[in-house]
$ cat entry.txt   # compact mmCIF, C-alpha atoms and all ligand atoms
# COMPACT_ATOMS: atom_id res chain seq x y z
CA MET A 119 22.58 -14.88 10.81
CA ASP A 120 22.17 -11.74 8.67
CA VAL A 121 18.93 -9.89 9.21
CA LYS A 122 17.17 -9.36 5.88
CA PRO A 123 16.09 -5.80 5.00
CA LYS A 124 12.34 -5.28 5.33
CA ILE A 125 10.31 -4.34 2.26
CA LEU A 126 6.65 -3.74 1.45
CA VAL A 127 4.98 -5.15 -1.66
CA ALA A 128 2.06 -2.75 -1.79
CA ARG A 129 -0.16 -4.69 -4.21
CA ARG A 130 -0.84 -8.34 -5.07
CA ALA A 131 2.12 -9.62 -7.10
CA PRO A 132 2.96 -12.86 -8.98
CA ALA A 133 4.07 -15.74 -6.74
CA ALA A 134 7.41 -16.07 -8.56
CA VAL A 135 8.12 -12.41 -7.90
CA LEU A 136 7.33 -12.73 -4.20
CA GLU A 137 9.61 -15.78 -4.08
CA LYS A 138 12.41 -13.81 -5.73
CA LEU A 139 11.99 -10.95 -3.27
CA SER A 140 11.74 -13.29 -0.26
CA ALA A 141 15.19 -14.69 -1.06
CA HIS A 142 16.64 -11.28 -0.20
CA PHE A 143 14.12 -9.53 1.99
CA ASP A 144 11.72 -9.86 4.86
CA VAL A 145 8.59 -9.26 2.75
CA ASP A 146 5.38 -7.67 4.00
CA CYS A 147 2.83 -8.08 1.18
CA HIS A 148 -0.50 -6.33 0.91
CA ALA A 149 -2.26 -9.03 -1.03
CA GLY A 150 -5.60 -7.28 -1.46
CA ASP A 151 -6.84 -5.88 -4.73
CA ALA A 152 -7.95 -2.59 -3.19
CA PRO A 153 -4.98 -0.26 -2.85
CA LEU A 154 -3.83 0.73 0.64
CA SER A 155 -5.06 4.16 1.73
CA PRO A 156 -2.32 6.80 2.12
CA GLU A 157 -2.54 6.32 5.92
CA GLU A 158 -2.28 2.52 5.64
CA LEU A 159 0.65 2.88 3.23
CA ARG A 160 2.48 5.17 5.65
CA ALA A 161 1.87 2.78 8.55
CA ARG A 162 2.97 -0.31 6.57
CA LEU A 163 6.13 1.48 5.38
CA GLN A 164 7.51 2.09 8.85
CA GLY A 165 10.94 0.46 9.11
CA LYS A 166 10.86 -0.66 5.44
CA ALA A 167 13.95 -0.13 3.26
CA GLY A 168 12.14 -0.65 -0.01
CA VAL A 169 8.69 -0.63 -1.57
CA TYR A 170 7.29 -2.33 -4.67
CA ILE A 171 4.34 -0.35 -5.97
CA THR A 172 2.03 0.03 -8.95
CA GLY A 173 0.43 3.20 -10.30
CA THR A 174 -2.11 3.32 -7.50
CA GLU A 175 0.28 4.21 -4.65
CA ARG A 176 1.38 7.84 -4.39
CA ILE A 177 4.87 8.53 -3.12
CA THR A 178 4.96 12.11 -1.87
CA ALA A 179 7.53 14.22 -0.02
CA GLU A 180 5.37 13.98 3.11
CA LEU A 181 5.31 10.20 2.90
CA LEU A 182 9.07 10.06 2.44
CA ASP A 183 9.56 12.28 5.49
CA ALA A 184 7.33 9.97 7.51
CA CYS A 185 9.28 6.88 6.36
CA PRO A 186 12.96 7.75 6.86
CA ALA A 187 14.17 4.15 6.49
CA LEU A 188 12.98 4.00 2.85
CA ARG A 189 15.86 3.68 0.33
CA ALA A 190 14.16 2.38 -2.83
CA VAL A 191 10.82 2.88 -4.57
CA CYS A 192 10.27 0.47 -7.46
CA THR A 193 7.13 0.84 -9.53
CA MET A 194 5.75 -1.85 -11.81
CA THR A 195 4.77 0.80 -14.38
CA VAL A 196 6.53 2.82 -17.02
CA GLY A 197 4.66 6.01 -16.03
CA TYR A 198 5.84 7.52 -12.77
CA ASN A 199 3.67 10.59 -12.27
CA HIS A 200 2.50 9.02 -8.97
CA ILE A 201 6.01 9.42 -7.55
CA ASP A 202 7.58 12.72 -6.54
CA LEU A 203 10.89 11.96 -8.23
CA ALA A 204 12.58 15.20 -7.14
CA ALA A 205 11.63 14.57 -3.51
CA CYS A 206 13.02 11.02 -3.75
CA THR A 207 16.26 12.22 -5.32
CA ALA A 208 16.66 14.94 -2.69
CA ARG A 209 16.39 12.24 0.00
CA ARG A 210 18.64 9.82 -1.91
CA VAL A 211 15.83 7.33 -2.45
CA LEU A 212 16.37 5.28 -5.61
CA VAL A 213 13.37 5.20 -7.96
CA SER A 214 12.91 2.77 -10.84
CA ASN A 215 10.18 2.07 -13.41
CA THR A 216 9.62 -0.62 -16.08
CA PRO A 217 10.33 0.79 -19.56
CA ASP A 218 10.83 -1.25 -22.76
CA VAL A 219 9.24 -4.53 -21.62
CA LEU A 220 5.74 -3.15 -22.28
CA THR A 221 6.40 -1.09 -25.42
CA GLU A 222 5.13 -3.44 -28.13
CA THR A 223 2.19 -4.76 -26.10
CA THR A 224 1.03 -1.24 -25.28
CA ALA A 225 1.43 -0.19 -28.91
CA ASP A 226 -0.67 -3.20 -30.01
CA PHE A 227 -3.41 -2.06 -27.68
CA GLY A 228 -3.13 1.59 -28.75
CA PHE A 229 -3.63 0.54 -32.34
CA ALA A 230 -6.48 -1.82 -31.43
CA LEU A 231 -8.22 1.03 -29.61
CA LEU A 232 -7.72 3.29 -32.62
CA MET A 233 -9.29 0.65 -34.86
CA ALA A 234 -12.18 -0.06 -32.47
CA THR A 235 -12.88 3.66 -32.19
CA ALA A 236 -12.66 4.49 -35.89
CA ARG A 237 -14.68 1.44 -36.94
CA ARG A 238 -17.31 1.74 -34.18
CA MET A 239 -16.75 -1.79 -32.88
CA SER A 240 -18.04 -1.30 -29.33
CA GLU A 241 -21.09 0.54 -30.60
CA GLY A 242 -21.79 -2.30 -33.01
CA GLU A 243 -21.43 -4.98 -30.36
CA ARG A 244 -23.68 -3.11 -27.93
CA LEU A 245 -26.32 -2.72 -30.62
CA LEU A 246 -26.12 -6.40 -31.58
CA ARG A 247 -26.34 -7.66 -27.99
CA ASP A 248 -29.29 -5.33 -27.35
CA GLY A 249 -31.17 -6.87 -30.29
CA GLY A 250 -30.89 -3.72 -32.39
CA TRP A 251 -29.47 -5.39 -35.54
CA LYS A 252 -32.44 -5.51 -37.88
CA SER A 253 -30.97 -5.48 -41.38
CA TRP A 254 -28.14 -4.35 -43.63
CA ALA A 255 -28.09 -0.71 -44.75
CA TRP A 256 -25.51 1.10 -46.83
CA ASP A 257 -24.55 3.52 -44.05
CA PHE A 258 -25.16 1.18 -41.09
CA LEU A 259 -22.44 1.87 -38.47
CA ALA A 260 -20.23 3.43 -41.14
CA GLY A 261 -17.06 4.65 -39.47
CA SER A 262 -13.83 6.39 -40.42
CA GLU A 263 -11.13 5.03 -42.72
CA VAL A 264 -7.87 3.96 -41.08
CA HIS A 265 -5.52 2.78 -43.87
CA GLY A 266 -3.91 5.55 -45.85
CA THR A 267 -5.03 8.31 -43.46
CA THR A 268 -2.93 10.65 -41.31
CA LEU A 269 -1.81 9.32 -37.94
CA GLY A 270 -0.91 12.00 -35.41
CA ILE A 271 1.12 11.12 -32.35
CA LEU A 272 1.47 13.44 -29.38
CA GLY A 273 4.48 12.21 -27.40
CA MET A 274 6.88 10.32 -29.65
CA GLY A 275 8.71 8.16 -27.10
CA ARG A 276 9.22 4.42 -27.39
CA ILE A 277 5.49 3.58 -27.39
CA GLY A 278 4.65 6.43 -29.77
CA GLN A 279 7.27 5.18 -32.21
CA ALA A 280 5.95 1.60 -31.96
CA ILE A 281 2.43 2.84 -32.80
CA ALA A 282 3.80 4.91 -35.68
CA ARG A 283 5.53 1.79 -37.02
CA ARG A 284 2.22 -0.09 -37.01
CA GLY A 285 0.49 2.78 -38.80
CA ARG A 286 3.22 3.32 -41.36
CA PHE A 287 3.99 -0.27 -42.31
CA GLY A 288 0.71 -2.04 -41.50
CA PHE A 289 -1.72 0.60 -42.73
CA ARG A 290 0.28 2.86 -45.09
CA MET A 291 -0.55 5.87 -42.91
CA LYS A 292 1.18 9.21 -43.12
CA VAL A 293 2.80 9.84 -39.73
CA ILE A 294 3.09 13.26 -38.12
CA TYR A 295 4.09 13.89 -34.51
CA HIS A 296 4.66 16.53 -31.92
CA ASN A 297 7.33 16.08 -29.30
CA ARG A 298 9.54 18.38 -27.27
CA SER A 299 12.62 17.08 -29.06
CA PRO A 300 12.82 15.75 -32.62
CA LEU A 301 13.38 12.07 -33.25
CA PRO A 302 16.86 11.05 -34.40
CA ALA A 303 17.04 11.54 -38.17
CA GLY A 304 17.38 7.79 -38.79
CA ILE A 305 14.10 7.00 -36.99
CA GLU A 306 12.29 9.89 -38.70
CA ALA A 307 13.46 8.53 -42.04
CA GLU A 308 12.50 4.93 -41.16
CA LEU A 309 8.98 6.00 -40.17
CA ASP A 310 8.77 8.71 -42.80
CA ALA A 311 7.51 10.79 -39.87
CA ARG A 312 7.37 14.57 -39.78
CA ARG A 313 7.58 16.66 -36.61
CA VAL A 314 4.98 19.44 -36.63
CA ALA A 315 3.72 22.14 -34.25
CA LYS A 316 1.02 20.98 -31.84
CA ASP A 317 -1.69 23.05 -33.60
CA GLU A 318 -0.76 21.56 -36.96
CA LEU A 319 -0.88 18.07 -35.47
CA LEU A 320 -4.39 18.73 -34.16
CA ARG A 321 -5.54 20.19 -37.47
CA GLN A 322 -4.11 17.49 -39.73
CA ALA A 323 -4.51 14.22 -37.84
CA ASP A 324 -7.31 11.89 -38.87
CA HIS A 325 -6.45 9.79 -35.82
CA LEU A 326 -4.64 11.39 -32.91
CA VAL A 327 -3.00 9.15 -30.31
CA LEU A 328 -1.85 10.56 -26.95
CA VAL A 329 1.23 8.83 -25.58
CA LEU A 330 2.96 11.61 -23.69
CA PRO A 331 3.96 11.49 -20.02
CA TYR A 332 1.62 13.15 -17.53
CA SER A 333 2.98 16.16 -15.64
CA ALA A 334 1.85 19.61 -14.51
CA GLU A 335 2.80 20.75 -18.01
CA SER A 336 0.68 18.17 -19.85
CA HIS A 337 -2.33 18.45 -17.48
CA HIS A 338 -5.43 19.07 -19.68
CA CYS A 339 -3.25 19.81 -22.67
CA ILE A 340 -6.15 18.51 -24.74
CA ALA A 341 -9.04 20.78 -23.76
CA ALA A 342 -11.78 22.74 -25.56
CA ALA A 343 -9.38 24.93 -27.59
CA GLU A 344 -7.37 21.95 -28.81
CA LEU A 345 -10.46 19.86 -29.61
CA ALA A 346 -11.82 22.80 -31.61
CA LEU A 347 -8.82 22.55 -33.95
CA MET A 348 -9.45 18.87 -34.77
CA LYS A 349 -11.32 17.66 -37.85
CA PRO A 350 -15.00 16.79 -37.27
CA THR A 351 -14.17 13.36 -38.71
CA ALA A 352 -11.16 12.81 -36.42
CA THR A 353 -10.76 10.26 -33.65
CA LEU A 354 -8.81 10.76 -30.43
CA VAL A 355 -7.15 7.91 -28.53
CA ASN A 356 -5.66 8.25 -25.04
CA ILE A 357 -3.47 5.48 -23.63
CA ALA A 358 -1.24 7.79 -21.57
CA ARG A 359 -2.89 9.26 -18.46
CA GLY A 360 -6.43 10.54 -17.97
CA GLY A 361 -5.37 13.94 -16.68
CA ILE A 362 -3.95 14.87 -20.08
CA VAL A 363 -7.50 15.34 -21.42
CA ASP A 364 -10.16 17.69 -20.07
CA GLU A 365 -12.91 15.05 -20.01
CA ASP A 366 -15.80 17.52 -19.74
CA ALA A 367 -14.57 19.32 -22.84
CA LEU A 368 -14.10 15.99 -24.63
CA ALA A 369 -17.59 14.81 -23.71
CA ALA A 370 -19.04 18.07 -25.08
CA ALA A 371 -17.04 17.74 -28.33
CA LEU A 372 -18.21 14.13 -28.77
CA ARG A 373 -21.81 14.95 -27.95
CA GLU A 374 -21.90 17.81 -30.44
CA ARG A 375 -20.00 15.69 -33.00
CA ARG A 376 -17.22 18.27 -33.22
CA ILE A 377 -14.93 15.24 -33.38
CA ALA A 378 -16.15 11.83 -34.54
CA ALA A 379 -15.13 9.52 -31.72
CA ALA A 380 -12.69 8.80 -28.90
CA GLY A 381 -11.05 5.71 -27.44
CA LEU A 382 -9.97 6.03 -23.82
CA ASP A 383 -8.01 3.53 -21.74
CA VAL A 384 -7.17 6.01 -18.98
CA PHE A 385 -9.26 8.44 -16.97
CA GLU A 386 -8.73 11.35 -14.64
CA GLY A 387 -9.67 10.00 -11.22
CA GLU A 388 -9.84 6.35 -12.36
CA PRO A 389 -11.35 3.89 -11.60
CA ARG A 390 -14.12 6.48 -11.51
CA VAL A 391 -15.19 7.41 -15.04
CA ASN A 392 -16.65 10.83 -15.85
CA PRO A 393 -20.42 10.09 -16.09
CA ALA A 394 -20.73 12.33 -19.15
CA LEU A 395 -18.54 9.89 -21.10
CA LEU A 396 -20.57 6.86 -20.04
CA THR A 397 -23.69 8.08 -21.83
CA LEU A 398 -22.06 8.72 -25.22
CA PRO A 399 -22.19 6.13 -28.04
CA ASN A 400 -19.12 7.44 -29.85
CA VAL A 401 -16.53 6.66 -27.21
CA VAL A 402 -14.81 3.33 -26.57
CA LEU A 403 -13.92 2.91 -22.90
CA THR A 404 -11.45 0.36 -21.51
CA PRO A 405 -10.19 0.00 -17.91
CA HIS A 406 -6.47 0.92 -18.15
CA ILE A 407 -5.37 -2.37 -19.73
CA ALA A 408 -3.00 -1.28 -22.51
CA SER A 409 -0.07 -3.27 -21.08
CA ALA A 410 -2.22 -6.13 -19.83
CA THR A 411 -1.04 -9.35 -21.41
CA MET A 412 0.22 -12.04 -19.07
CA PRO A 413 3.78 -12.18 -20.51
CA THR A 414 4.14 -8.40 -20.41
CA ARG A 415 2.71 -7.99 -16.91
CA LEU A 416 5.04 -10.76 -15.68
CA ALA A 417 8.00 -9.05 -17.35
CA MET A 418 7.05 -5.75 -15.71
CA ALA A 419 6.65 -7.41 -12.28
CA HIS A 420 10.03 -9.17 -12.55
CA LEU A 421 11.78 -6.00 -13.71
CA ALA A 422 10.37 -4.05 -10.76
CA ALA A 423 11.57 -6.80 -8.40
CA ASP A 424 15.01 -6.94 -10.05
CA ASN A 425 15.33 -3.19 -9.55
CA LEU A 426 14.44 -3.54 -5.88
CA VAL A 427 16.86 -6.39 -5.27
CA ALA A 428 19.69 -4.50 -6.99
CA ALA A 429 18.94 -1.20 -5.27
CA LEU A 430 19.11 -2.74 -1.80
CA THR A 431 21.99 -5.15 -2.37
CA GLY A 432 24.49 -2.70 -3.84
CA ALA A 433 24.13 -3.85 -7.47
CA ALA A 434 23.20 -1.65 -10.42
CA PRO A 435 19.41 -1.48 -10.88
CA PRO A 436 18.48 -2.27 -14.51
CA THR A 437 16.17 0.70 -15.07
CA PRO A 438 16.69 3.48 -12.51
CA LEU A 439 15.05 6.89 -12.95
CA ASN A 440 17.48 8.74 -10.69
CA PRO A 441 20.77 6.82 -10.97
CA GLU A 442 22.54 9.88 -9.57
CA VAL A 443 21.50 8.84 -6.05
CA LEU A 444 23.66 5.72 -6.41
CA SER A 445 26.86 7.68 -6.91
CA ALA A 446 26.03 10.54 -4.53
C1 LIG B 501 2.22 2.10 -17.04
O1 LIG B 501 3.05 1.19 -17.05
O2 LIG B 501 2.51 3.28 -16.80
C2 LIG B 501 0.80 1.72 -17.28
O3 LIG B 501 -0.01 2.80 -17.48
C3 LIG B 501 0.31 0.89 -16.11
O4 LIG B 501 -0.21 -0.25 -16.59

$ encode --input "entry.txt" --output "structure tokens"
Amino acid sequence: MDVKPKILVARRAPAAVLEKLSAHFDVDCHAGDAPLSPEELRARLQGKAGVYITGTERITAELLDACPALRAVCTMTVGYNHIDLAACTARRVLVSNTPDVLTETTADFGFALLMATARRMSEGERLLRDGGWKSWAWDFLAGSEVHGTTLGILGMGRIGQAIARRGRFGFRMKVIYHNRSPLPAGIEAELDARRVAKDELLRQADHLVLVLPYSAESHHCIAAAELALMKPTATLVNIARGGIVDEDALAAALRERRIAAAGLDVFEGEPRVNPALLTLPNVVLTPHIASATMPTRLAMAHLAADNLVAALTGAAPPTPLNPEVLSA
């Protein structure tokens, strides 16, 4: 009888996904909701050929060196800043993520957060629940306009484009963006989107949405100097990674009303939230749920599992990040 390769599922996963993986592998599953500590992860990975992770497990060069049997790292996320991709590639460890299946769902949420932020929805609900709704007044909880305004997108990948589409066609917004490379001309024309310098994006956007990948280069790329360029009426929405924004600088800008409001789904050091943000009325805070609908999370979980099965059975993984290790 063939011995099945051993794998670790590092976080609680859907039953159907565990069943799929069990057909091919000897599965060790950490079923708890608290992530394994780095030490626990290293210990549980001994002798494992593959690992199924989420964004809460860090895969470092040191970890890879301590787990020489590891051949595949499959994350149930589109972002992969928690994985040292170069270190994996150097050790011929296949890495995969889950693009595409979460694009529209995440864009829906990004737009919802923009709306909630601009129209002060959380502030209004808090006030109502606290018994603070006394009467109608002409300027009561008056927020910022959304339709017909300028939507700025920093990071115009698949999710950025899906948000731009919502803004352009649902809300007749003018779309500007900043990205390392320009969009193909056909997509720019479809969205009537204009690529601008980062400073111009900051100066012109009425609503600025951050959707760029997190890296050493994008760390705190929205800090005091950038916030100072934004309109005092502008809103900022972050659905990418917390580390992109200097949260102390953002809290100061919000407190001093140098920008109108912010909507944040991601935080540097989450699940801890910068206490300065928690005290401010003009920020909408959500717990990293932009891709969280049941169909989308199931699609992400299955795609991560399909990548793992393929990577360890000699098939082509559907969404590899370093396919070069397969042909090396
Ligand atoms: C992703 O897929 O990168 C999300 O941020 C995790 O839900």

$ closest_residue --input "entry.txt" --among "A:Ser240, A:Ser409, A:Asn400, A:Ser333" --to "ligand LIG 501 (chain B)" --atoms "only C-alpha atoms and all ligand atoms"
A:Ser409

$ residues_around --input "entry.txt" --residues "Ala423 (chain A)" --least-positions-apart "2" --cutoff "8 Å" --atoms "all atoms listed in the file" --output "list of chain:residue names"
A:Val135, A:Lys138, A:Leu139, A:Tyr170, A:Cys192, A:Ala419, A:His420, A:Leu421, A:Asn425, A:Leu426, A:Val427

$ residues_around --input "entry.txt" --residues "region 171-177 of chain A" --least-positions-apart "3" --cutoff "9 Å" --atoms "all atoms listed in the file" --output "ChimeraX atom specification"
/A:126-129,153-156,159,180-182,191-195,197-203,206,422

$ write_last_selection --input "entry.txt" --atoms "C-alpha atoms" --output "tab-separated table (two decimals), in the coordinates of the input"
chain	number	residue	atom	x	y	z
A	126	LEU	CA	6.65	-3.74	1.45
A	127	VAL	CA	4.98	-5.15	-1.66
A	128	ALA	CA	2.06	-2.75	-1.79
A	129	ARG	CA	-0.16	-4.69	-4.21
A	153	PRO	CA	-4.98	-0.26	-2.85
A	154	LEU	CA	-3.83	0.73	0.64
A	155	SER	CA	-5.06	4.16	1.73
A	156	PRO	CA	-2.32	6.80	2.12
A	159	LEU	CA	0.65	2.88	3.23
A	180	GLU	CA	5.37	13.98	3.11
A	181	LEU	CA	5.31	10.20	2.90
A	182	LEU	CA	9.07	10.06	2.44
A	191	VAL	CA	10.82	2.88	-4.57
A	192	CYS	CA	10.27	0.47	-7.46
A	193	THR	CA	7.13	0.84	-9.53
A	194	MET	CA	5.75	-1.85	-11.81
A	195	THR	CA	4.77	0.80	-14.38
A	197	GLY	CA	4.66	6.01	-16.03
A	198	TYR	CA	5.84	7.52	-12.77
A	199	ASN	CA	3.67	10.59	-12.27
A	200	HIS	CA	2.50	9.02	-8.97
A	201	ILE	CA	6.01	9.42	-7.55
A	202	ASP	CA	7.58	12.72	-6.54
A	203	LEU	CA	10.89	11.96	-8.23
A	206	CYS	CA	13.02	11.02	-3.75
A	422	ALA	CA	10.37	-4.05	-10.76

$ axis_aligned_box --input "entry.txt" --around "ligand LIG 501 (chain B)" --padding-each-side "3 Å" --output "AutoDock Vina command-line options"
--center_x 1.4 --center_y 1.5 --center_z -16.8 --size_x 9.3 --size_y 9.5 --size_z 7.4

$ residues_around --input "entry.txt" --residues "Glu365 (chain A)" --least-positions-apart "6" --cutoff "10 Å" --atoms "all atoms listed in the file" --output "list in words"
His338, Ile340, Ala341, Ala342, Ala371, Phe385, Glu386, Val391, Asn392, Pro393, Ala394 and Leu395 of chain A

$ atom_distance --input "entry.txt" --atom1 "CA of Thr221 (chain A)" --atom2 "CA of Gly261 (chain A)"
27.9 Å

$ closest_residue --input "entry.txt" --among "A:Ala343, A:Ile125, A:Leu246, A:Ile277" --to "Ala141 (chain A)" --atoms "all atoms listed in the file"
A:Ile125

$ closest_residue --input "entry.txt" --among "A:Gly242, A:Gly249, A:Gly278, A:Gly288" --to "Val264 (chain A)" --atoms "all atoms listed in the file"
A:Gly288

$ closest_residue --input "entry.txt" --among "A:Val355, A:Ala149, A:Pro331, A:Gly270" --to "Arg313 (chain A)" --atoms "only C-alpha atoms"
A:Gly270

$ atom_distance --input "entry.txt" --atom1 "CA of His148 (chain A)" --atom2 "CA of Tyr332 (chain A)"
26.9 Å

$ closest_residue --input "entry.txt" --among "A:Ala303, A:Val145, A:Val211, A:Met348" --to "Ser445 (chain A)" --atoms "all atoms listed in the file"
A:Val211
